[in-house]
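Student: Dropping the structure in here first, questions after.
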Amino acid sequence: MATAKQTAANRRNSERSTGPTSEAGLDASARIAAWRHGLAVNHHESFTFLSDEDRSKFDELLNRLIAEHVPQSETERILVRHMAESEWLRARALRLQAECVESIGGRGVQNLALFIRYQTTHERAFHRSLKELQSLRQQKAKAEIGFVSQKLKQAADTRAAEALNLKKDAQILKRDEFEFKKSVIQTRKEASEVAKSVPGDQKMAA
């Protein structure tokens, strides 16, 4: 249980920690209350801009990332946009940190810690989206390599089958040629034997 001396000390500390009093501090505090979820948004649906932010600057950032990564599918486009949003929110957190430093009294320290945490969160989110994009492209590249390899194997198998068929055709042709020559020899042999069996007077008559 707190003693009377501790209670009095706590009361004095609370009186000194009444929050920001400067114009910049009050403005930062108001923006914290109004836009706390503006630093913890779900991408796309909840992403919005503060009154002092220029959306065209975000569009420039997004377009530069698109030009760099050239997304080829809807999934890749979503990941690139996540990267742009994460970077935008990281920069927002840094800007709000600077405002907290200007009004460091009262809730400034607490809010500064909050914005540092958001900065780290969005830095990690950026790199996570980048890693997912790179992983997706590696998987697609492997799939394409596998497809090409399969096509090459199929082409090789087709050529091998065609070569085997040509070899078989050559063997058949060679066999037919041998059988034809054999039949010619046999025919000539039979004709010779027939000629020998004919009597001489019949040959002369003929």
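Naming scheme: A, B, ... for chains in displayed order of the structure tokens; residues 1 onward per chain; ligands 1 onward as shown.
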Which residues are near Arg128 of chain A? Cut-off 12 Å, only C-alpha atoms, ignore same chain within fewer than 6 positions. Put them as a PDB file with C-alpha atoms, in the first residue's frame.
Tutor:
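So result-v8.pdb came out as:
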ATOM      1  CA  LEU A  79       2.306  -7.036 -53.189  1.00  0.00           C
ATOM      2  CA  VAL A  80       3.855  -3.995 -54.872  1.00  0.00           C
ATOM      3  CA  HIS A  82       1.583  -3.242 -50.070  1.00  0.00           C
ATOM      4  CA  MET A  83       5.210  -2.194 -50.364  1.00  0.00           C
ATOM      5  CA  SER A  86       4.196   0.193 -45.921  1.00  0.00           C
ATOM      6  CA  GLU A  87       6.851   2.689 -47.007  1.00  0.00           C
ATOM      7  CA  THR A 121       6.217  -2.614 -38.054  1.00  0.00           C
ATOM      8  CA  HIS A 122       5.956  -1.015 -41.482  1.00  0.00           C
ATOM      9  CA  GLN A 134      10.558 -12.484 -54.921  1.00  0.00           C
ATOM     10  CA  SER A 135       9.434 -15.927 -53.705  1.00  0.00           C
TER      11      SER A 135
END
Student: Skipping near chain neighbours, those fewer than 4 positions away, what residues fall within 7 Å of Phe115 of chain A using only C-alpha atoms, listed as a list in words?
Tutor: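 Final neighbour list, sorted by chain and number: Ala93, Leu96, Gln97, Asn111 and Gln119 of chain A.
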Student: Distance atom CA of Arg90 of chain A-atom CA of Thr48 of chain A, one decimal place?
Tutor: 13.8 Å
Student: Between atom CA of Ala125 of chain A and atom CA of Glu144 of chain A, measure the distance and give it in Å to one decimal.
Tutor: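 Answer for the atom CA of Ala125 of chain A to atom CA of Glu144 of chain A separation: 28.5 Å.
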Student: Select, from A:Asn165, A:Pro71, A:Trp88, A:Gln186, the residue with the minimum atom-to-atom distance to Asp59 of chain A, counting only C-alpha atoms.
Tutor: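 Closest residue, counting only C-alpha atoms: A:Trp88.
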